[in-house]
file run_10.cif (mmCIF, C-alpha atoms)
data_entry
loop_
_atom_site.label_atom_id
_atom_site.label_comp_id
_atom_site.auth_asym_id
_atom_site.auth_seq_id
_atom_site.Cartn_x
_atom_site.Cartn_y
_atom_site.Cartn_z
CA MET A 1 0.00 0.00 0.00
CA ALA A 2 2.80 2.37 0.88
CA ARG A 3 4.47 1.68 -2.44
CA ILE A 4 1.31 2.63 -4.37
CA LEU A 5 1.07 5.94 -2.52
CA ILE A 6 4.70 6.76 -3.33
CA LEU A 7 4.14 6.10 -7.09
CA LEU A 8 1.09 8.36 -7.14
CA LEU A 9 3.05 11.21 -5.55
CA LEU A 10 5.85 10.83 -8.10
CA LEU A 11 3.39 10.96 -11.02
CA CYS A 12 1.70 14.10 -9.69
CA SER A 13 5.06 15.83 -9.24
CA ALA A 14 6.15 14.99 -12.82
CA ALA A 15 2.85 16.30 -14.22
CA SER A 16 3.15 19.62 -12.39
CA GLN A 17 6.72 20.12 -13.62
CA LEU A 18 5.65 19.42 -17.22
CA ALA A 19 2.82 21.98 -17.01
CA ALA A 20 5.16 24.64 -15.61
CA ALA A 21 7.68 24.07 -18.43
CA THR A 22 4.98 24.40 -21.09
CA ALA A 23 3.72 27.70 -19.64
CA THR A 24 7.24 29.15 -19.58
CA SER A 25 7.81 28.17 -23.22
CA LYS A 26 4.59 29.94 -24.28
CA LYS A 27 5.61 33.16 -22.50
CA LYS A 28 8.99 33.20 -24.25
CA THR A 29 7.39 32.63 -27.66
CA THR A 30 4.89 35.47 -27.14
CA ALA A 31 7.55 37.92 -25.98
CA ARG A 32 9.93 37.18 -28.87
CA LYS A 33 10.53 40.34 -31.03
CA PRO A 34 10.30 40.18 -34.86
CA VAL A 35 13.60 40.10 -36.63
CA ALA A 36 14.09 42.89 -39.22
CA VAL A 37 14.91 41.55 -42.68
CA LYS A 38 17.16 43.72 -44.82
CA SER A 39 15.83 44.25 -48.36
CA ALA A 40 17.96 44.25 -51.48
CA ALA A 41 17.24 47.92 -51.93
CA SER A 42 18.72 48.77 -48.53
CA LYS A 43 22.09 47.38 -49.65
CA LYS A 44 22.29 49.86 -52.56
CA PRO A 45 24.37 52.99 -52.12
CA ALA A 46 22.52 56.15 -51.19
CA ALA A 47 20.95 57.97 -54.16
CA LYS A 48 21.98 61.47 -55.12
CA LYS A 49 20.03 64.30 -53.59
CA ALA A 50 16.94 65.38 -55.53
CA VAL A 51 15.20 68.73 -55.56
CA VAL A 52 11.90 68.26 -53.77
CA THR A 53 9.03 70.74 -53.68
CA ARG A 54 6.23 69.97 -51.25
CA SER A 55 2.65 71.20 -51.13
CA ALA A 56 -0.49 70.15 -49.27
CA ARG A 57 -1.49 67.50 -51.82
CA SER A 58 1.45 66.93 -54.11
CA ARG A 59 5.19 66.98 -54.42
CA THR A 60 7.41 67.23 -57.48
CA ILE A 61 10.66 65.32 -57.75
CA VAL A 62 13.03 66.42 -60.50
CA LYS A 63 15.22 63.48 -61.41
CA LYS A 64 16.59 64.54 -64.79
CA LYS A 65 16.66 67.65 -66.89
CA THR A 66 14.30 66.13 -69.41
CA THR A 67 12.01 64.20 -67.07
CA VAL A 68 9.75 65.50 -64.30
CA VAL A 69 7.92 63.03 -62.06
CA ARG A 70 4.81 64.40 -60.32
CA VAL A 71 3.43 62.30 -57.47
CA SER A 72 -0.09 63.43 -56.60
CA THR A 73 -1.52 62.26 -53.27
CA ARG A 74 -5.24 62.06 -52.68
CA LYS A 75 -7.04 59.86 -50.19
CA GLY A 76 -3.85 57.92 -49.57
CA ARG A 77 -3.35 57.01 -53.24
CA LEU A 78 -0.31 57.91 -55.32
CA ARG A 79 -0.41 58.77 -59.01
CA VAL A 80 2.76 59.20 -61.03
CA ARG A 81 2.89 61.40 -64.12
CA ARG A 82 5.97 61.75 -66.30
CA ALA A 83 6.61 64.77 -68.53
CA TYR A 84 8.97 64.00 -71.40
CA TYR A 85 10.88 66.24 -73.76
CA ASN A 86 8.70 67.52 -76.65
CA PRO A 87 10.62 67.37 -79.96
CA TRP A 88 8.17 69.59 -81.89
CA THR A 89 8.85 73.31 -82.17
CA GLU A 90 5.57 74.19 -83.91
CA PRO A 91 2.25 74.17 -82.00
CA SER A 92 -0.56 72.02 -83.34
CA PHE A 93 -3.20 74.63 -82.53
CA ALA A 94 -3.18 78.36 -83.24
CA ASP A 95 -5.18 81.24 -84.69
CA SER A 96 -4.44 80.76 -88.40
CA THR A 97 -6.31 83.82 -89.64
CA GLN A 98 -4.14 86.61 -88.23
CA GLY A 99 -2.85 89.08 -90.80
CA ASP A 100 -4.77 87.67 -93.79
CA ILE A 101 -5.89 90.11 -96.49
CA ILE A 102 -9.31 89.00 -97.73
CA ASP A 103 -10.63 91.95 -99.77
CA GLY A 104 -10.61 89.90 -102.99
CA ASP A 105 -11.74 86.59 -101.49
CA ASP A 106 -14.89 84.69 -102.28
CA LEU A 107 -16.35 85.22 -98.81
CA THR A 108 -18.58 82.13 -98.96
CA VAL A 109 -15.54 79.93 -99.60
CA ARG A 110 -13.48 81.86 -97.06
CA ARG A 111 -16.01 81.30 -94.30
CA ALA A 112 -16.25 77.57 -95.05
CA ALA A 113 -12.43 77.19 -95.02
CA VAL A 114 -11.98 79.09 -91.75
CA GLU A 115 -14.71 77.12 -89.99
CA ALA A 116 -13.37 73.81 -91.30
CA LEU A 117 -9.79 74.55 -90.16
CA GLY A 118 -11.01 75.52 -86.70
CA GLY A 119 -8.21 75.73 -84.15
CA TYR A 120 -5.60 73.79 -86.13
CA ASN A 121 -2.32 75.45 -87.00
CA GLY A 122 -2.13 75.31 -90.78
CA THR A 123 -3.22 76.75 -94.08
CA VAL A 124 -6.06 76.14 -96.53
CA VAL A 125 -5.80 77.14 -100.20
CA VAL A 126 -8.94 76.99 -102.36
CA ALA A 127 -8.71 77.62 -106.12
CA ASP A 128 -10.84 77.45 -109.23
CA PRO A 129 -9.13 74.80 -111.41
CA ASN A 130 -10.76 76.11 -114.59
CA THR A 131 -9.38 79.64 -114.33
CA GLY A 132 -6.53 79.59 -111.84
CA ARG A 133 -8.18 82.12 -109.55
CA ILE A 134 -7.40 81.67 -105.88
CA LEU A 135 -10.69 82.04 -104.02
CA THR A 136 -9.19 82.18 -100.54
CA ILE A 137 -6.01 81.49 -98.58
CA VAL A 138 -6.37 80.92 -94.86
CA ASN A 139 -3.06 81.63 -93.09
CA GLN A 140 -1.22 83.41 -95.87
CA ARG A 141 1.98 83.53 -93.79
CA THR A 142 2.36 79.76 -94.07
CA ALA A 143 1.18 79.51 -97.68
CA TYR A 144 3.82 82.03 -98.83
CA LYS A 145 6.75 80.29 -97.10
CA SER A 146 9.59 78.70 -99.05
CA GLY A 147 7.99 75.28 -98.86
CA PHE A 148 7.75 72.06 -96.88
CA ILE A 149 8.67 68.47 -97.60
CA PRO A 150 5.74 67.15 -99.70
CA CYS A 151 5.55 63.80 -97.90
CA SER A 152 3.37 61.31 -99.81
CA THR A 153 1.73 63.91 -102.07
CA ILE A 154 4.78 63.46 -104.36
CA LYS A 155 3.40 60.01 -105.24
CA VAL A 156 0.92 61.57 -107.65
CA VAL A 157 3.80 62.99 -109.72
CA VAL A 158 5.70 59.69 -109.60
CA GLY A 159 2.62 57.73 -110.67
CA LEU A 160 1.97 60.01 -113.64
CA ALA A 161 5.64 59.84 -114.63
CA ALA A 162 5.59 56.03 -114.58
CA LEU A 163 2.40 55.95 -116.68
CA SER A 164 3.73 58.48 -119.20
CA GLU A 165 7.00 56.58 -119.59
CA GLY A 166 5.18 53.30 -120.16
CA LEU A 167 6.77 51.75 -117.10
CA ILE A 168 3.41 50.53 -115.78
CA GLU A 169 -0.30 50.61 -116.53
CA ARG A 170 -2.96 51.30 -113.95
CA THR A 171 -3.69 47.61 -113.43
CA THR A 172 -0.08 46.37 -113.63
CA PRO A 173 0.55 44.25 -110.51
CA MET A 174 3.80 44.88 -108.67
CA LYS A 175 5.06 42.19 -106.31
CA LEU A 176 6.21 43.89 -103.13
CA SER A 177 6.79 40.83 -100.98
CA ARG A 178 6.12 37.12 -101.00
CA ARG A 179 2.47 37.69 -100.08
CA GLU A 180 1.78 41.26 -101.22
CA THR A 181 1.03 42.42 -104.75
CA MET A 182 -0.43 45.82 -105.59
CA ASP A 183 -1.36 47.97 -108.58
CA LEU A 184 -1.28 51.76 -108.96
CA THR A 185 -4.86 52.30 -107.79
CA GLY A 186 -4.33 50.44 -104.53
CA ALA A 187 -0.92 52.03 -103.98
CA LEU A 188 -2.32 55.56 -104.32
CA ALA A 189 -5.34 54.80 -102.15
CA THR A 190 -3.30 53.30 -99.31
CA SER A 191 -0.16 55.42 -99.90
CA ASN A 192 2.11 52.39 -100.22
CA ASN A 193 5.73 53.47 -99.77
CA PRO A 194 7.57 50.43 -101.23
CA PHE A 195 5.50 50.65 -104.44
CA PHE A 196 6.53 54.23 -105.21
CA ALA A 197 10.06 53.79 -103.94
CA ARG A 198 10.53 51.02 -106.51
CA LEU A 199 8.95 53.15 -109.26
CA GLY A 200 11.34 55.99 -108.44
CA GLN A 201 14.36 53.72 -108.59
CA GLN A 202 13.25 52.39 -111.97
CA LEU A 203 12.49 55.84 -113.39
CA GLY A 204 15.72 57.45 -112.21
CA PHE A 205 16.46 60.96 -111.02
CA GLU A 206 16.38 62.74 -114.40
CA LYS A 207 12.90 61.54 -115.38
CA VAL A 208 11.37 62.20 -111.97
CA SER A 209 12.86 65.71 -111.96
CA HIS A 210 11.55 66.34 -115.50
CA TYR A 211 7.96 65.54 -114.54
CA ALA A 212 8.22 67.43 -111.26
CA ARG A 213 9.27 70.57 -113.16
CA LEU A 214 6.58 69.95 -115.75
CA PHE A 215 3.96 70.20 -112.99
CA GLY A 216 5.49 73.40 -111.64
CA LEU A 217 7.64 72.22 -108.74
CA GLY A 218 10.70 74.37 -108.13
CA GLU A 219 9.11 77.52 -109.61
CA LYS A 220 6.48 80.02 -108.55
CA ALA A 221 2.91 78.90 -109.06
CA THR A 222 1.38 82.36 -109.07
CA LEU A 223 1.43 85.45 -111.25
CA GLY A 224 1.95 88.84 -109.62
CA LEU A 225 2.19 87.52 -106.07
CA GLU A 226 5.56 88.76 -104.85
CA GLU A 227 5.24 87.16 -101.41
CA GLU A 228 5.26 83.62 -102.83
CA GLN A 229 8.45 81.53 -102.66
CA PRO A 230 9.38 79.01 -105.39
CA GLY A 231 10.10 75.94 -103.29
CA HIS A 232 13.05 73.71 -104.16
CA LEU A 233 13.95 70.77 -106.39
CA PRO A 234 17.30 69.07 -105.72
CA SER A 235 20.01 68.85 -108.37
CA ALA A 236 20.90 65.29 -107.37
CA PRO A 237 19.28 62.38 -105.53
CA PRO A 238 19.08 63.04 -101.78
CA LYS A 239 21.79 61.50 -99.63
CA PHE A 240 19.22 60.25 -97.14
CA GLY A 241 17.40 57.35 -98.80
CA GLY A 242 18.16 58.18 -102.43
CA MET A 243 15.42 57.87 -105.05
CA GLY A 244 13.36 55.56 -102.85
CA MET A 245 12.85 58.24 -100.19
CA MET A 246 12.53 61.01 -102.77
CA CYS A 247 9.64 59.26 -104.54
CA SER A 248 7.80 57.95 -101.48
CA PHE A 249 8.27 60.84 -99.00
CA GLY A 250 9.54 63.73 -101.15
CA GLU A 251 12.95 63.75 -99.49
CA GLY A 252 15.07 66.66 -100.75
CA ILE A 253 12.06 68.55 -102.21
CA THR A 254 10.25 71.52 -100.72
CA LEU A 255 6.71 72.09 -101.93
CA THR A 256 4.38 75.03 -101.27
CA PRO A 257 0.61 74.68 -100.85
CA LEU A 258 0.23 76.98 -103.88
CA GLN A 259 2.32 74.66 -106.07
CA LEU A 260 0.26 71.66 -105.01
CA ALA A 261 -2.95 73.60 -105.77
CA ALA A 262 -1.69 74.48 -109.27
CA MET A 263 -0.64 70.90 -109.99
CA LEU A 264 -3.98 69.44 -108.87
CA SER A 265 -5.83 72.08 -110.87
CA SER A 266 -4.17 70.69 -114.00
CA LEU A 267 -5.48 67.22 -113.13
CA ALA A 268 -8.98 68.54 -112.40
CA ASN A 269 -9.27 70.42 -115.70
CA GLY A 270 -7.67 67.79 -117.94
CA GLY A 271 -4.08 69.00 -118.38
CA THR A 272 -3.93 72.83 -118.37
CA LEU A 273 -1.47 74.35 -115.90
CA TYR A 274 -2.74 77.84 -115.05
CA TYR A 275 -0.90 80.58 -113.28
CA LEU A 276 -2.62 80.97 -109.95
CA GLN A 277 -3.81 84.55 -109.44
CA TYR A 278 -4.99 85.98 -106.14
CA PRO A 279 -7.13 89.15 -106.48
CA LYS A 280 -6.59 91.57 -103.59
CA SER A 281 -9.68 93.74 -104.13
CA PRO A 282 -13.15 93.68 -105.76
CA MET A 283 -11.70 95.69 -108.66
CA GLU A 284 -9.07 93.02 -109.29
CA VAL A 285 -11.81 90.39 -109.20
CA GLU A 286 -13.68 92.25 -111.93
CA ALA A 287 -10.50 92.61 -114.00
CA PHE A 288 -9.44 88.98 -113.58
CA VAL A 289 -8.34 87.17 -116.74
CA PRO A 290 -7.10 83.54 -116.66
CA ARG A 291 -3.47 83.01 -117.73
CA ILE A 292 -2.15 79.67 -118.96
CA LYS A 293 1.38 78.73 -118.03
CA ARG A 294 1.57 75.64 -120.26
CA GLN A 295 -0.39 72.70 -121.58
CA LEU A 296 0.67 69.37 -120.13
CA ASP A 297 0.92 66.31 -122.32
CA VAL A 298 -0.53 64.04 -119.63
CA ALA A 299 -4.25 64.11 -120.51
CA PRO A 300 -4.37 60.37 -121.41
CA TRP A 301 -2.94 59.43 -118.01
CA ILE A 302 -5.09 61.58 -115.75
CA PRO A 303 -8.02 59.07 -115.82
CA GLU A 304 -5.53 56.40 -114.76
CA VAL A 305 -4.65 58.12 -111.46
CA LYS A 306 -8.16 59.28 -110.60
CA PRO A 307 -9.39 55.85 -109.32
CA GLY A 308 -6.55 55.72 -106.82
CA MET A 309 -7.18 59.28 -105.63
CA MET A 310 -10.89 58.52 -105.28
CA GLY A 311 -10.03 55.27 -103.51
CA ALA A 312 -8.02 57.22 -100.93
CA VAL A 313 -11.28 58.88 -99.84
CA ALA A 314 -13.50 55.83 -100.26
CA TYR A 315 -11.37 53.25 -98.40
CA GLY A 316 -7.81 54.52 -98.01
CA THR A 317 -5.87 57.11 -96.07
CA ALA A 318 -8.31 60.01 -96.65
CA GLN A 319 -11.54 58.44 -95.38
CA ARG A 320 -12.08 61.37 -93.01
CA ALA A 321 -12.81 63.53 -96.06
CA GLY A 322 -16.07 61.58 -96.43
CA PHE A 323 -17.03 59.68 -99.57
CA ASP A 324 -20.11 60.92 -101.41
CA PRO A 325 -20.80 59.21 -104.78
CA ASN A 326 -22.89 62.19 -105.89
CA GLU A 327 -20.13 64.73 -105.20
CA PRO A 328 -16.94 62.62 -105.08
CA ILE A 329 -13.69 64.01 -103.69
CA LEU A 330 -10.37 62.87 -105.14
CA GLY A 331 -7.15 63.48 -103.25
CA LYS A 332 -3.83 62.38 -101.80
CA THR A 333 -2.69 62.55 -98.20
CA GLY A 334 0.83 63.10 -96.90
CA THR A 335 2.28 62.58 -93.42
CA CYS A 336 5.90 63.02 -92.41
CA THR A 337 8.33 65.10 -90.36
CA ASP A 338 10.25 68.12 -91.53
CA ARG A 339 13.49 67.39 -89.69
CA GLN A 340 14.92 70.87 -90.17
CA SER A 341 12.14 72.58 -88.19
CA PRO A 342 11.40 70.00 -86.65
CA THR A 343 7.69 69.98 -87.44
CA HIS A 344 5.21 67.21 -88.09
CA LEU A 345 3.25 67.74 -91.31
CA GLY A 346 -0.18 66.70 -92.49
CA TRP A 347 -1.01 67.29 -96.18
CA PHE A 348 -4.13 66.75 -98.23
CA GLY A 349 -4.40 67.91 -101.83
CA SER A 350 -7.80 67.40 -103.46
CA PHE A 351 -10.41 68.36 -106.02
CA ASN A 352 -14.07 67.44 -106.34
CA ASP A 353 -15.80 66.00 -109.40
CA VAL A 354 -19.04 67.98 -109.84
CA GLU A 355 -20.80 69.52 -112.84
CA LYS A 356 -20.44 73.15 -111.77
CA ASN A 357 -17.99 75.14 -109.69
CA ASN A 358 -15.61 72.31 -108.92
CA LEU A 359 -12.79 73.36 -106.61
CA VAL A 360 -9.25 72.47 -105.62
CA VAL A 361 -8.72 72.41 -101.85
CA VAL A 362 -5.23 72.01 -100.39
CA VAL A 363 -4.75 71.67 -96.63
CA LEU A 364 -1.39 71.73 -94.85
CA LEU A 365 -1.30 71.25 -91.07
CA THR A 366 1.85 71.84 -89.02
CA GLY A 367 2.54 70.92 -85.40
CA GLY A 368 3.11 67.81 -83.32
CA ARG A 369 1.46 64.46 -82.73
CA HIS A 370 -2.06 65.77 -83.44
CA VAL A 371 -1.14 66.44 -87.08
CA ASN A 372 -1.24 64.01 -90.03
CA GLY A 373 -2.64 63.53 -93.51
CA PRO A 374 -5.91 61.89 -92.45
CA VAL A 375 -6.68 64.83 -90.16
CA ALA A 376 -5.93 67.24 -93.02
CA SER A 377 -8.32 65.28 -95.26
CA GLY A 378 -11.03 65.75 -92.65
CA VAL A 379 -10.52 69.52 -92.80
CA ALA A 380 -10.80 69.54 -96.61
CA GLY A 381 -13.88 67.31 -96.51
CA GLU A 382 -15.54 69.75 -94.15
CA VAL A 383 -14.88 72.60 -96.62
CA TYR A 384 -16.66 70.67 -99.39
CA ARG A 385 -19.56 69.67 -97.11
CA ARG A 386 -20.17 73.22 -95.89
CA LEU A 387 -20.22 74.56 -99.44
CA SER A 388 -22.44 71.73 -100.64
CA GLY A 389 -24.88 72.47 -97.82
CA GLN A 390 -25.15 76.02 -99.18
CA ARG A 391 -25.71 74.65 -102.72
CA TYR A 392 -22.50 76.33 -103.85
CA PHE A 393 -21.79 73.65 -106.46
CA ALA A 394 -25.27 73.92 -107.97
CA GLN A 395 -25.10 77.66 -108.61
CA SER A 396 -23.67 79.41 -111.63
CA ARG A 397 -20.49 81.23 -110.71
CA PRO A 398 -20.48 84.82 -111.99
CA ILE A 399 -18.04 85.50 -114.84
CA SER A 400 -16.66 88.95 -115.50
CA PRO A 401 -16.69 90.31 -119.08
CA LEU A 402 -12.91 90.11 -119.23
CA GLN A 403 -13.03 86.37 -118.52
CA LEU A 404 -15.03 85.89 -121.70
CA VAL A 405 -11.99 87.09 -123.66
CA SER A 406 -10.01 84.21 -125.13
CA GLN A 407 -7.54 82.88 -122.61
CA GLN A 408 -3.95 83.99 -123.15
CA THR A 409 -0.83 81.98 -122.73
CA CYS A 410 1.95 83.67 -120.83
CA CYS A 411 5.57 82.79 -120.74
CA VAL A 412 7.10 81.01 -117.75
CA GLN A 413 8.33 83.32 -115.01
#
call {"tool": "encode", "arguments": {"input": "run_10.cif", "output": "structure tokens"}}
result
Amino acid sequence: MARILILLLLLCSAASQLAAATATSKKKTTARKPVAVKSAASKKPAAKKAVVTRSARSRTIVKKKTTVVRVSTRKGRLRVRRAYYNPWTEPSFADSTQGDIIDGDDLTVRRAAVEALGGYNGTVVVADPNTGRILTIVNQRTAYKSGFIPCSTIKVVVGLAALSEGLIERTTPMKLSRRETMDLTGALATSNNPFFARLGQQLGFEKVSHYARLFGLGEKATLGLEEEQPGHLPSAPPKFGGMGMMCSFGEGITLTPLQLAAMLSSLANGGTLYYLQYPKSPMEVEAFVPRIKRQLDVAPWIPEVKPGMMGAVAYGTAQRAGFDPNEPILGKTGTCTDRQSPTHLGWFGSFNDVEKNNLVVVVLLTGGRHVNGPVASGVAGEVYRRLSGQRYFAQSRPISPLQLVSQQTCCVQ
């Protein structure tokens, strides 16, 4: 009996010791402090001091000369905005009507052009292709400059040169890659660069230059307008890209909106290159007489480029102009960068195919990322739509008695 009592006492003692040890272990575990773990970033050397400006809701940290990081704090959330260097020196938006002289303008056309251009920084030239009269110029400062790279508008000249030289026909397929084949109509509509680069290489510099001069590039397009500059045609293929870049982007050439308007007028009227004339007063409007610069021997080929120029509006790069089968617009876009400025350019040269009062509308936009050929085509399309809404193309345009005199041919300036 005594032995049993002794065993029970020993068991109770062992149990109490075990319980005390467990309680002590729990206290140590609870009191243990968390160990700080060093991150990889903490091992990096200290960063250079930054200029910090603090305000109630935001702070600006300037890390580099060309990059500003703005951290805006609101309701505990951080938003980071980065401001990068802007390469464009010309604004995309401006008042493009300052300083214009409009005493001899067709005010209906002028109003439509100004409203269509809106706030864009650029110029709009509207001309009568059957007489050479300039009906309005919005932003005359830009229109009279020495010229801009023509971008893809030069493709019209290259296409006509290739047709005239018998290099291609309108439906001649050109294999551009293993899976891509295109003809002239599709290449004009979609502004295909490899197509026209290859045509330029096959034509050569002398032939391309000949046709460019034939259409008035490199010389003044107007008569009696001293402010106009003649643009520039190179004397040799450009060093940057050679004939391929010259015939797909106009590299080495400077073109004025007035020159493009004169060239497209010759396509709209069937091959007559008029001197553009810009009346400065109602008296000059009354005394206006058309003057022919020269007749172009390209009449058979004009119908061959028209489908491509109409296709640009119907399904190509100029869809913003708006396709109307009853009053079709034919045109060519151009988008590129003038590296000398540097300025981004958006061209659209066009004419409409209507029974009366057809017009040539040339739009050139200058600026930054907001500017391109499709946007310029939208501006031109708005000019046509506004005039059509006023039944401008259905009315008979007044003709002065002097215009009834037989048209005279004048020598080249």
call {"tool": "closest_residue", "arguments": {"input": "run_10.cif", "among": "A:Ala268, A:Leu203, A:Ala116, A:Met310", "to": "A:Val375", "atoms": "only C-alpha atoms"}}
result
A:Ala116
call {"tool": "atom_distance", "arguments": {"input": "run_10.cif", "atom1": "atom CA of A:Ile329", "atom2": "atom CA of A:Phe351"}}
result
5.9 Å
call {"tool": "closest_residue", "arguments": {"input": "run_10.cif", "among": "A:Pro279, A:Pro328, A:Gly368, A:Gly373", "to": "A:Thr222", "atoms": "only C-alpha atoms"}}
result
A:Pro279
call {"tool": "closest_residue", "arguments": {"input": "run_10.cif", "among": "A:Gly200, A:Gly99, A:Gly216, A:Gly244", "to": "A:Ser265", "atoms": "only C-alpha atoms"}}
result
A:Gly216
call {"tool": "resolve_selection", "arguments": {"input": "run_10.cif", "expression": "the PyMOL selection byres ((chain A and resi 263) around 10)", "output": "count of residues only"}}
result
26
call {"tool": "resolve_selection", "arguments": {"input": "run_10.cif", "expression": "the PyMOL selection byres ((chain A and resi 196) around 8)", "output": "MDAnalysis selection string"}}
result
chainID A and resid 155 158:159 187 192:195 197:200 244 247:248
call {"tool": "atom_distance", "arguments": {"input": "run_10.cif", "atom1": "atom CA of A:Ala161", "atom2": "atom CA of A:Lys207"}}
result
7.5 Å
call {"tool": "closest_residue", "arguments": {"input": "run_10.cif", "among": "A:Val114, A:Met309, A:Val109, A:Leu255", "to": "A:Val126", "atoms": "only C-alpha atoms"}}
result
A:Val109
call {"tool": "atom_distance", "arguments": {"input": "run_10.cif", "atom1": "atom CA of A:His344", "atom2": "atom CA of A:Glu90"}}
result
8.1 Å
call {"tool": "residues_around", "arguments": {"input": "run_10.cif", "residues": "A:Gly381", "least_positions_apart": "6", "cutoff": "10 Å", "atoms": "only C-alpha atoms", "output": "mmCIF file with C-alpha atoms, keeping the file's coordinate frame"}}
result
data_model
loop_
_atom_site.group_PDB
_atom_site.id
_atom_site.type_symbol
_atom_site.label_atom_id
_atom_site.label_comp_id
_atom_site.auth_asym_id
_atom_site.auth_seq_id
_atom_site.Cartn_x
_atom_site.Cartn_y
_atom_site.Cartn_z
ATOM 1 C CA ALA A 116 -13.370 73.810 -91.300
ATOM 2 C CA VAL A 313 -11.280 58.880 -99.840
ATOM 3 C CA ALA A 318 -8.310 60.010 -96.650
ATOM 4 C CA GLN A 319 -11.540 58.440 -95.380
ATOM 5 C CA ARG A 320 -12.080 61.370 -93.010
ATOM 6 C CA ALA A 321 -12.810 63.530 -96.060
ATOM 7 C CA GLY A 322 -16.070 61.580 -96.430
ATOM 8 C CA PHE A 323 -17.030 59.680 -99.570
ATOM 9 C CA ILE A 329 -13.690 64.010 -103.690
ATOM 10 C CA PHE A 348 -4.130 66.750 -98.230
ATOM 11 C CA SER A 350 -7.800 67.400 -103.460
ATOM 12 C CA ASN A 352 -14.070 67.440 -106.340
ATOM 13 C CA VAL A 361 -8.720 72.410 -101.850
ATOM 14 C CA VAL A 375 -6.680 64.830 -90.160
#
call {"tool": "resolve_selection", "arguments": {"input": "run_10.cif", "expression": "the PyMOL selection byres ((chain A and resi 173) around 12)", "output": "MDAnalysis selection string"}}
result
chainID A and resid 167:172 174:177 180:187 195
call {"tool": "write_last_selection", "arguments": {"input": "run_10.cif", "atoms": "C-alpha atoms", "output": "tab-separated table (two decimals), keeping the file's coordinate frame"}}
result
chain	number	residue	atom	x	y	z
A	167	LEU	CA	6.77	51.75	-117.10
A	168	ILE	CA	3.41	50.53	-115.78
A	169	GLU	CA	-0.30	50.61	-116.53
A	170	ARG	CA	-2.96	51.30	-113.95
A	171	THR	CA	-3.69	47.61	-113.43
A	172	THR	CA	-0.08	46.37	-113.63
A	174	MET	CA	3.80	44.88	-108.67
A	175	LYS	CA	5.06	42.19	-106.31
A	176	LEU	CA	6.21	43.89	-103.13
A	177	SER	CA	6.79	40.83	-100.98
A	180	GLU	CA	1.78	41.26	-101.22
A	181	THR	CA	1.03	42.42	-104.75
A	182	MET	CA	-0.43	45.82	-105.59
A	183	ASP	CA	-1.36	47.97	-108.58
A	184	LEU	CA	-1.28	51.76	-108.96
A	185	THR	CA	-4.86	52.30	-107.79
A	186	GLY	CA	-4.33	50.44	-104.53
A	187	ALA	CA	-0.92	52.03	-103.98
A	195	PHE	CA	5.50	50.65	-104.44
call {"tool": "residues_around", "arguments": {"input": "run_10.cif", "residues": "A:Cys151", "least_positions_apart": "2", "cutoff": "6 Å", "atoms": "all atoms listed in the file", "output": "VMD selection string"}}
result
chain A and resid 149 153 249 to 250 334 to 336
call {"tool": "closest_residue", "arguments": {"input": "run_10.cif", "among": "A:Thr108, A:Asn121, A:Ser164, A:Asn130", "to": "A:Thr343", "atoms": "all atoms listed in the file"}}
result
A:Asn121
call {"tool": "closest_residue", "arguments": {"input": "run_10.cif", "among": "A:Gly204, A:Gly147, A:Gly241, A:Pro282", "to": "A:Lys220", "atoms": "all atoms listed in the file"}}
result
A:Gly147
call {"tool": "residues_around", "arguments": {"input": "run_10.cif", "residues": "A:His232", "least_positions_apart": "4", "cutoff": "7 Å", "atoms": "all atoms listed in the file", "output": "ChimeraX atom specification"}}
result
/A:218,253-255
